[in-house]
>>> print(open('query-v3.tsv').read())   # TSV, C-alpha atoms and all ligand atoms
chain	number	residue	atom	x	y	z
X	1	MET	CA	58.20	136.54	117.15
X	2	ASN	CA	61.97	136.98	117.41
X	3	LYS	CA	64.45	135.10	119.59
X	4	ALA	CA	64.67	137.82	122.24
X	5	GLU	CA	60.86	137.88	122.59
X	6	LEU	CA	60.77	134.11	122.87
X	7	PHE	CA	63.43	134.14	125.60
X	8	GLU	CA	61.60	136.95	127.43
X	9	GLN	CA	58.49	134.78	127.55
X	10	ILE	CA	60.49	131.77	128.75
X	11	LYS	CA	61.90	133.87	131.60
X	12	ARG	CA	58.54	135.43	132.46
X	13	LYS	CA	56.77	132.06	132.67
X	14	SER	CA	59.81	130.09	133.91
X	15	SER	CA	58.83	127.58	131.29
X	16	PHE	CA	59.95	126.20	127.95
X	17	LEU	CA	56.84	124.08	127.48
X	18	CYS	CA	55.26	123.54	124.09
X	19	VAL	CA	51.81	121.97	124.28
X	20	GLY	CA	51.12	119.67	121.34
X	21	LEU	CA	47.58	119.91	119.99
X	22	ASP	CA	47.33	116.41	118.48
X	23	THR	CA	43.56	116.42	118.74
X	24	ASP	CA	42.05	113.09	117.81
X	25	LEU	CA	38.27	112.61	117.60
X	26	SER	CA	38.62	109.05	118.84
X	27	LYS	CA	40.28	110.23	122.08
X	28	ILE	CA	38.29	113.28	123.11
X	29	PRO	CA	35.28	112.91	125.45
X	30	SER	CA	32.21	111.69	123.54
X	31	ASP	CA	30.08	114.53	124.97
X	32	LEU	CA	32.10	116.97	122.85
X	33	LEU	CA	31.26	115.07	119.66
X	34	LYS	CA	27.70	116.42	119.81
X	35	LEU	CA	28.99	119.97	119.30
X	36	GLU	CA	29.37	121.79	115.98
X	37	ASP	CA	33.19	121.83	116.12
X	38	PRO	CA	34.42	119.31	118.73
X	39	VAL	CA	38.08	119.72	117.77
X	40	PHE	CA	38.03	123.47	118.31
X	41	GLU	CA	36.00	123.17	121.53
X	42	PHE	CA	38.53	120.68	122.89
X	43	ASN	CA	41.50	122.86	121.84
X	44	LYS	CA	39.89	126.01	123.26
X	45	GLN	CA	39.53	124.39	126.68
X	46	ILE	CA	43.07	122.99	126.54
X	47	ILE	CA	44.47	126.42	125.61
X	48	ASP	CA	42.48	128.17	128.37
X	49	ALA	CA	43.77	125.64	130.89
X	50	THR	CA	47.45	125.63	129.86
X	51	ALA	CA	48.29	129.09	128.46
X	52	GLU	CA	49.86	130.30	131.70
X	53	TYR	CA	52.42	127.45	131.54
X	54	ALA	CA	53.03	127.25	127.78
X	55	VAL	CA	55.39	129.32	125.64
X	56	ALA	CA	54.39	127.50	122.43
X	57	TYR	CA	51.55	125.49	120.92
X	58	LYS	CA	52.15	122.88	118.24
X	59	PRO	CA	49.17	121.57	116.33
X	60	ASN	CA	50.29	118.51	114.40
X	61	ILE	CA	48.77	119.18	110.98
X	62	ALA	CA	48.05	115.50	110.27
X	63	PHE	CA	45.30	115.46	112.90
X	64	TYR	CA	43.51	118.32	111.10
X	65	GLU	CA	44.11	117.40	107.45
X	66	ALA	CA	42.73	113.93	108.19
X	67	LEU	CA	39.33	115.57	108.77
X	68	GLY	CA	39.20	117.32	105.39
X	69	PRO	CA	37.93	120.92	105.00
X	70	LYS	CA	36.36	120.86	108.48
X	71	GLY	CA	39.73	120.00	109.99
X	72	TRP	CA	41.40	122.97	108.28
X	73	GLU	CA	38.63	125.18	109.63
X	74	SER	CA	39.20	123.87	113.19
X	75	LEU	CA	42.93	124.47	112.74
X	76	GLN	CA	42.42	128.09	111.67
X	77	LYS	CA	40.04	128.75	114.57
X	78	THR	CA	42.54	127.19	116.97
X	79	LEU	CA	45.38	129.32	115.60
X	80	ASP	CA	43.26	132.47	115.94
X	81	TYR	CA	42.43	131.53	119.54
X	82	ILE	CA	46.03	131.06	120.72
X	83	PRO	CA	47.14	134.19	122.64
X	84	LYS	CA	49.26	136.37	120.35
X	85	ASP	CA	52.34	136.36	122.60
X	86	ILE	CA	52.62	132.54	122.45
X	87	PHE	CA	54.78	130.97	119.72
X	88	THR	CA	52.93	128.80	117.21
X	89	ILE	CA	54.31	125.80	115.34
X	90	ALA	CA	52.68	124.11	112.36
X	91	ASP	CA	54.08	120.59	112.69
X	92	ALA	CA	53.66	119.75	109.02
X	93	LYS	CA	57.10	118.31	108.08
X	94	ARG	CA	56.97	119.81	104.58
X	95	GLY	CA	59.64	120.27	101.88
X	96	ASP	CA	59.59	119.77	98.10
X	97	ILE	CA	61.13	121.27	94.96
X	98	GLY	CA	61.54	125.03	95.28
X	99	ASN	CA	58.33	126.36	93.76
X	100	THR	CA	56.24	123.84	95.69
X	101	SER	CA	58.04	124.60	98.97
X	102	GLY	CA	57.30	128.27	98.32
X	103	LEU	CA	53.60	127.47	98.28
X	104	TYR	CA	53.83	125.37	101.44
X	105	ALA	CA	55.52	128.34	103.09
X	106	LYS	CA	52.78	130.68	101.84
X	107	ALA	CA	50.11	128.29	103.17
X	108	PHE	CA	51.49	128.25	106.72
X	109	PHE	CA	53.01	131.75	106.95
X	110	GLU	CA	50.55	133.86	104.94
X	111	SER	CA	47.21	132.09	104.45
X	112	MET	CA	47.55	130.95	108.04
X	113	ASP	CA	49.74	133.09	110.25
X	114	PHE	CA	51.89	130.48	112.01
X	115	ASP	CA	55.21	131.63	113.49
X	116	SER	CA	56.99	128.50	112.31
X	117	VAL	CA	56.72	125.28	110.35
X	118	THR	CA	58.59	121.98	110.61
X	119	VAL	CA	60.49	121.10	107.43
X	120	ALA	CA	62.23	117.90	106.27
X	121	PRO	CA	65.82	118.53	105.08
X	122	TYR	CA	66.39	115.63	102.72
X	123	MET	CA	65.50	117.36	99.45
X	124	GLY	CA	68.27	119.85	100.22
X	125	VAL	CA	68.90	123.56	100.03
X	126	ASP	CA	66.38	124.54	97.34
X	127	SER	CA	63.59	122.77	99.23
X	128	VAL	CA	64.28	124.70	102.46
X	129	GLN	CA	65.30	128.17	101.29
X	130	PRO	CA	61.77	129.22	100.19
X	131	PHE	CA	60.69	128.88	103.84
X	132	LEU	CA	63.66	131.00	105.02
X	133	GLU	CA	62.65	133.88	102.75
X	134	PHE	CA	59.72	134.83	104.98
X	135	GLN	CA	60.69	137.65	107.37
X	136	ASP	CA	60.11	136.99	111.08
X	137	LYS	CA	59.03	133.39	110.45
X	138	TRP	CA	60.88	130.29	111.60
X	139	VAL	CA	61.92	127.05	109.93
X	140	ILE	CA	62.22	124.07	112.25
X	141	LEU	CA	64.37	121.52	110.46
X	142	LEU	CA	64.19	117.81	111.31
X	143	ALA	CA	67.70	116.92	112.53
X	144	LEU	CA	67.57	113.99	114.96
X	145	THR	CA	64.02	112.78	115.42
X	146	SER	CA	62.59	110.95	118.43
X	147	ASN	CA	61.28	107.80	116.72
X	148	ALA	CA	63.07	104.43	116.64
X	149	GLY	CA	63.28	104.50	112.82
X	150	SER	CA	65.36	107.68	112.93
X	151	SER	CA	68.46	105.46	113.06
X	152	ASP	CA	67.62	104.05	109.59
X	153	PHE	CA	69.00	107.21	107.96
X	154	GLN	CA	69.89	109.93	110.46
X	155	LEU	CA	72.55	107.88	112.26
X	156	ILE	CA	74.20	106.24	109.26
X	157	GLU	CA	77.70	107.32	108.37
X	158	SER	CA	77.87	109.73	105.49
X	159	LYS	CA	80.76	109.94	102.96
X	160	SER	CA	82.66	112.22	105.34
X	161	GLY	CA	82.53	109.61	108.10
X	162	LYS	CA	80.05	111.64	110.17
X	163	PRO	CA	76.48	110.60	110.95
X	164	LEU	CA	73.99	112.04	108.51
X	165	PHE	CA	72.36	114.26	111.13
X	166	HIS	CA	75.73	116.05	111.54
X	167	GLU	CA	75.67	116.81	107.82
X	168	VAL	CA	72.14	118.18	108.10
X	169	LEU	CA	73.18	120.50	110.94
X	170	GLU	CA	76.42	121.67	109.33
X	171	LYS	CA	75.15	122.06	105.80
X	172	SER	CA	71.92	123.80	106.75
X	173	GLN	CA	73.98	126.52	108.46
X	174	LEU	CA	75.27	127.49	105.01
X	175	TRP	CA	71.81	128.01	103.54
X	176	GLY	CA	71.70	131.80	103.87
X	177	ASN	CA	70.28	133.67	106.82
X	178	THR	CA	69.62	130.89	109.29
X	179	ASP	CA	69.04	133.13	112.33
X	180	ASN	CA	65.42	131.98	112.28
X	181	MET	CA	66.19	128.28	112.04
X	182	MET	CA	65.44	125.82	114.82
X	183	TYR	CA	66.07	122.08	114.84
X	184	VAL	CA	63.95	119.11	115.86
X	185	VAL	CA	65.94	117.00	118.32
X	186	GLY	CA	64.18	114.08	120.01
X	187	ALA	CA	64.15	113.85	123.81
X	188	THR	CA	64.69	110.11	123.43
X	189	ARG	CA	68.20	110.71	122.06
X	190	GLY	CA	70.01	111.18	125.42
X	191	GLU	CA	73.64	112.18	125.08
X	192	LEU	CA	73.41	112.74	121.33
X	193	ILE	CA	71.61	115.97	122.23
X	194	ALA	CA	74.98	117.24	123.50
X	195	GLU	CA	76.53	116.52	120.08
X	196	VAL	CA	73.80	118.52	118.39
X	197	ARG	CA	74.29	121.39	120.85
X	198	LYS	CA	78.03	121.46	120.07
X	199	LEU	CA	77.35	121.80	116.35
X	200	VAL	CA	74.66	124.50	116.69
X	201	PRO	CA	75.39	126.26	120.00
X	202	ASP	CA	72.99	129.17	119.60
X	203	HIS	CA	69.94	127.71	117.89
X	204	PHE	CA	66.68	126.71	119.53
X	205	PHE	CA	65.69	123.04	119.51
X	206	LEU	CA	62.12	121.81	119.32
X	207	VAL	CA	62.23	118.67	121.48
X	208	PRO	CA	59.42	116.12	121.17
X	209	GLY	CA	59.49	112.79	122.98
X	210	VAL	CA	59.03	113.51	126.68
X	211	GLY	CA	55.99	111.94	128.31
X	212	ALA	CA	54.35	109.32	126.10
X	213	GLN	CA	57.63	108.48	124.26
X	214	GLY	CA	59.66	108.18	127.47
X	215	GLY	CA	62.35	110.87	126.93
X	216	SER	CA	63.89	112.51	130.00
X	217	LEU	CA	63.33	116.23	130.56
X	218	GLU	CA	66.30	116.36	132.94
X	219	GLU	CA	68.63	114.90	130.27
X	220	VAL	CA	67.31	117.28	127.61
X	221	ALA	CA	68.08	120.28	129.83
X	222	GLN	CA	71.46	118.91	130.92
X	223	TYR	CA	72.66	118.29	127.37
X	224	GLY	CA	70.70	120.81	125.36
X	225	MET	CA	70.17	124.01	127.31
X	226	ASN	CA	72.18	127.12	126.43
X	227	ASP	CA	72.31	130.65	127.82
X	228	THR	CA	69.01	131.66	126.17
X	229	CYS	CA	67.42	128.34	127.17
X	230	GLY	CA	67.49	127.17	123.55
X	231	LEU	CA	64.75	124.60	124.11
X	232	LEU	CA	61.05	124.24	123.40
X	233	VAL	CA	60.07	120.90	124.90
X	234	ASN	CA	56.84	119.46	123.52
X	235	SER	CA	54.35	117.22	125.21
X	236	SER	CA	51.16	116.28	123.37
X	237	ARG	CA	49.38	113.14	124.62
X	238	GLY	CA	50.83	113.43	128.14
X	239	ILE	CA	48.97	116.73	128.57
X	240	ILE	CA	45.91	116.74	126.35
X	241	TYR	CA	44.84	113.18	127.17
X	242	ALA	CA	45.80	113.25	130.87
X	243	SER	CA	42.10	112.50	131.29
X	244	GLN	CA	39.79	111.32	128.54
X	245	LYS	CA	36.71	112.33	130.54
X	246	MET	CA	35.03	115.73	130.77
X	247	ASP	CA	37.62	116.86	133.36
X	248	PHE	CA	40.25	116.76	130.56
X	249	ALA	CA	41.04	120.50	130.83
X	250	SER	CA	41.76	120.46	134.56
X	251	ALA	CA	43.82	117.27	134.13
X	252	ALA	CA	45.78	118.96	131.30
X	253	LYS	CA	46.34	121.99	133.51
X	254	ARG	CA	47.78	119.78	136.27
X	255	GLU	CA	50.18	118.03	133.86
X	256	ALA	CA	51.27	121.32	132.27
X	257	GLU	CA	51.88	122.85	135.69
X	258	LYS	CA	53.89	119.80	136.77
X	259	LEU	CA	56.15	120.13	133.72
X	260	GLN	CA	56.45	123.90	134.17
X	261	LEU	CA	57.59	123.48	137.79
X	262	GLU	CA	60.23	120.99	136.70
X	263	MET	CA	61.29	123.37	133.92
X	264	ALA	CA	61.59	126.30	136.33
X	265	SER	CA	64.10	124.38	138.40
X	266	LEU	CA	66.03	123.21	135.30
X	267	LEU	CA	66.24	126.81	134.06
X	268	GLU	CA	67.75	127.81	137.41
X	269	GLN	CA	70.24	124.97	137.18
X	270	TYR	CA	71.34	125.01	133.53
X	271	CYS	CA	70.43	128.34	131.89
X	272	ARG	CA	73.29	130.66	132.67
X	301	LIG	O1	60.96	113.61	116.01
X	301	LIG	C1	59.78	113.90	116.15
X	301	LIG	C2	59.16	114.91	115.44
X	301	LIG	C3	57.86	115.21	115.71
X	301	LIG	N1	57.16	114.55	116.64
X	301	LIG	C4	55.77	114.96	116.90
X	301	LIG	O2	55.70	115.51	118.23
X	301	LIG	C5	54.51	115.08	118.88
X	301	LIG	C6	54.86	114.20	120.05
X	301	LIG	O3	53.69	113.75	120.69
X	301	LIG	P1	53.67	113.00	122.13
X	301	LIG	O4	52.25	112.62	122.29
X	301	LIG	O5	54.14	113.99	123.17
X	301	LIG	O6	54.57	111.83	122.03
X	301	LIG	C7	53.66	114.41	117.80
X	301	LIG	O7	52.89	115.40	117.16
X	301	LIG	C8	54.72	113.87	116.84
X	301	LIG	O8	54.23	113.73	115.53
X	301	LIG	C9	57.75	113.54	117.34
X	301	LIG	O9	57.14	112.89	118.22
X	301	LIG	N2	59.06	113.24	117.08
>>> encode(input="query-v3.tsv", output="structure tokens", more="lines below")
Ligand SMILES: O=c1ccn([C@@H]2O[C@H](COP(=O)(O)O)[C@@H](O)[C@H]2O)c(=O)[nH]1
Amino acid sequence: MNKAELFEQIKRKSSFLCVGLDTDLSKIPSDLLKLEDPVFEFNKQIIDATAEYAVAYKPNIAFYEALGPKGWESLQKTLDYIPKDIFTIADAKRGDIGNTSGLYAKAFFESMDFDSVTVAPYMGVDSVQPFLEFQDKWVILLALTSNAGSSDFQLIESKSGKPLFHEVLEKSQLWGNTDNMMYVVGATRGELIAEVRKLVPDHFFLVPGVGAQGGSLEEVAQYGMNDTCGLLVNSSRGIIYASQKMDFASAAKREAEKLQLEMASLLEQYCR
């Protein structure tokens, strides 16, 4: 999916919601555990309930790999079930020496047909470029993450006197054709989102951290939105575990709709 198609969908749905599929067997209703593939059954119902409000789905790969071969199978079935016009993100946070990164890219872009994968920048250019070589696929580079520990490295001053996340943003722009690059920017980062937007005015941000982590959607839009929206805001637990009983799908639908309504008004206000 290209940027224009993504923006079209955002306008059509008045939404920039990404639903995080962090499906955890210990949190889904116990009735589902009797089924052949509880993870897929849960995801299927979540997708059916939220697809009208979501422009992206983000399975966090850890939740699937933790289950071994069966988890990978549930992941593939989930990916196949997501409507084709909705953007898909493999939240895998990969990156290694070049030949290994090439195989990670092949795993998520060819063996599985994800639109994008999250990548860690700290092994540098040769660890990221293999992902950028795939036509029509997206790299989502970790820039300023939502967790408390992000200040351990991302906020420290680099040799040039700038915080390290500035270096990541500036340097990564020199890594070839970065049209299909997005950046992870945590919703918990408040005004720093404006600094990121200044450095990469035209790129999309994947923004985790609203809902369970306490980030503010209003602040994200105020500081991060650009004239093509430029934001995919993720909520995982806040939507998929809105109820842990068998009414989980209707509860997820309500939460997704609530966020979408808020997003519609923020698009009116800030996306010009
Ligand atoms: O900086 C980051 C990068 C990734 N994540 C991931 O996003 C979701 C957030 O889940 P919530 O339940 O909405 O808090 C999860 O998969 C994280 O691994 C992040 O939170 N922060």
>>> atom_distance(input="query-v3.tsv", atom1="atom CA of Gln135 of chain X", atom2="atom CA of Asn180 of chain X")
8.9 Å
>>> residues_around(input="query-v3.tsv", residues="segment 40-50 of chain X", least_positions_apart="6", cutoff="8 Å", atoms="only C-alpha atoms", output="number ranges by chain")
X: 19, 21, 23, 28, 32, 74-75, 77-78, 81-82, 240, 248-250, 252-253, 256-257
>>> closest_residue(input="query-v3.tsv", among="X:Gly102, X:Pro59, X:Gly230, X:Pro163", to="ligand LIG 301 (chain X)", atoms="only C-alpha atoms and all ligand atoms")
X:Pro59
>>> residues_near_ligand(input="query-v3.tsv", ligand="ligand LIG 301 (chain X)", cutoff="10 Å", atoms="all atoms listed in the file", output="ChimeraX atom specification")
/X:18-23,58-63,90-93,118,141-150,183-189,206-215,233-241
>>> write_last_selection(input="query-v3.tsv", atoms="C-alpha atoms", output="tab-separated table (two decimals), in the coordinates of the input")
chain	number	residue	atom	x	y	z
X	18	CYS	CA	55.26	123.54	124.09
X	19	VAL	CA	51.81	121.97	124.28
X	20	GLY	CA	51.12	119.67	121.34
X	21	LEU	CA	47.58	119.91	119.99
X	22	ASP	CA	47.33	116.41	118.48
X	23	THR	CA	43.56	116.42	118.74
X	58	LYS	CA	52.15	122.88	118.24
X	59	PRO	CA	49.17	121.57	116.33
X	60	ASN	CA	50.29	118.51	114.40
X	61	ILE	CA	48.77	119.18	110.98
X	62	ALA	CA	48.05	115.50	110.27
X	63	PHE	CA	45.30	115.46	112.90
X	90	ALA	CA	52.68	124.11	112.36
X	91	ASP	CA	54.08	120.59	112.69
X	92	ALA	CA	53.66	119.75	109.02
X	93	LYS	CA	57.10	118.31	108.08
X	118	THR	CA	58.59	121.98	110.61
X	141	LEU	CA	64.37	121.52	110.46
X	142	LEU	CA	64.19	117.81	111.31
X	143	ALA	CA	67.70	116.92	112.53
X	144	LEU	CA	67.57	113.99	114.96
X	145	THR	CA	64.02	112.78	115.42
X	146	SER	CA	62.59	110.95	118.43
X	147	ASN	CA	61.28	107.80	116.72
X	148	ALA	CA	63.07	104.43	116.64
X	149	GLY	CA	63.28	104.50	112.82
X	150	SER	CA	65.36	107.68	112.93
X	183	TYR	CA	66.07	122.08	114.84
X	184	VAL	CA	63.95	119.11	115.86
X	185	VAL	CA	65.94	117.00	118.32
X	186	GLY	CA	64.18	114.08	120.01
X	187	ALA	CA	64.15	113.85	123.81
X	188	THR	CA	64.69	110.11	123.43
X	189	ARG	CA	68.20	110.71	122.06
X	206	LEU	CA	62.12	121.81	119.32
X	207	VAL	CA	62.23	118.67	121.48
X	208	PRO	CA	59.42	116.12	121.17
X	209	GLY	CA	59.49	112.79	122.98
X	210	VAL	CA	59.03	113.51	126.68
X	211	GLY	CA	55.99	111.94	128.31
X	212	ALA	CA	54.35	109.32	126.10
X	213	GLN	CA	57.63	108.48	124.26
X	214	GLY	CA	59.66	108.18	127.47
X	215	GLY	CA	62.35	110.87	126.93
X	233	VAL	CA	60.07	120.90	124.90
X	234	ASN	CA	56.84	119.46	123.52
X	235	SER	CA	54.35	117.22	125.21
X	236	SER	CA	51.16	116.28	123.37
X	237	ARG	CA	49.38	113.14	124.62
X	238	GLY	CA	50.83	113.43	128.14
X	239	ILE	CA	48.97	116.73	128.57
X	240	ILE	CA	45.91	116.74	126.35
X	241	TYR	CA	44.84	113.18	127.17
>>> atom_distance(input="query-v3.tsv", atom1="atom CA of Leu261 of chain X", atom2="atom CA of Glu8 of chain X")
17.5 Å
>>> residues_near_point(input="query-v3.tsv", point="(61.4, 129.4, 101.4)", cutoff="12 Å", atoms="all atoms listed in the file", output="number ranges by chain")
X: 94-109, 116-117, 119, 124-135, 137-139, 175-178, 180-181
>>> write_last_selection(input="query-v3.tsv", atoms="C-alpha atoms", output="short mmCIF file (atom, residue, chain, number, x, y, z; two decimals), in the coordinates of the input")
data_model
loop_
_atom_site.label_atom_id
_atom_site.label_comp_id
_atom_site.auth_asym_id
_atom_site.auth_seq_id
_atom_site.Cartn_x
_atom_site.Cartn_y
_atom_site.Cartn_z
CA ARG X 94 56.97 119.81 104.58
CA GLY X 95 59.64 120.27 101.88
CA ASP X 96 59.59 119.77 98.10
CA ILE X 97 61.13 121.27 94.96
CA GLY X 98 61.54 125.03 95.28
CA ASN X 99 58.33 126.36 93.76
CA THR X 100 56.24 123.84 95.69
CA SER X 101 58.04 124.60 98.97
CA GLY X 102 57.30 128.27 98.32
CA LEU X 103 53.60 127.47 98.28
CA TYR X 104 53.83 125.37 101.44
CA ALA X 105 55.52 128.34 103.09
CA LYS X 106 52.78 130.68 101.84
CA ALA X 107 50.11 128.29 103.17
CA PHE X 108 51.49 128.25 106.72
CA PHE X 109 53.01 131.75 106.95
CA SER X 116 56.99 128.50 112.31
CA VAL X 117 56.72 125.28 110.35
CA VAL X 119 60.49 121.10 107.43
CA GLY X 124 68.27 119.85 100.22
CA VAL X 125 68.90 123.56 100.03
CA ASP X 126 66.38 124.54 97.34
CA SER X 127 63.59 122.77 99.23
CA VAL X 128 64.28 124.70 102.46
CA GLN X 129 65.30 128.17 101.29
CA PRO X 130 61.77 129.22 100.19
CA PHE X 131 60.69 128.88 103.84
CA LEU X 132 63.66 131.00 105.02
CA GLU X 133 62.65 133.88 102.75
CA PHE X 134 59.72 134.83 104.98
CA GLN X 135 60.69 137.65 107.37
CA LYS X 137 59.03 133.39 110.45
CA TRP X 138 60.88 130.29 111.60
CA VAL X 139 61.92 127.05 109.93
CA TRP X 175 71.81 128.01 103.54
CA GLY X 176 71.70 131.80 103.87
CA ASN X 177 70.28 133.67 106.82
CA THR X 178 69.62 130.89 109.29
CA ASN X 180 65.42 131.98 112.28
CA MET X 181 66.19 128.28 112.04
#
>>> atom_distance(input="query-v3.tsv", atom1="atom CA of Ser15 of chain X", atom2="atom CA of Val55 of chain X")
6.8 Å
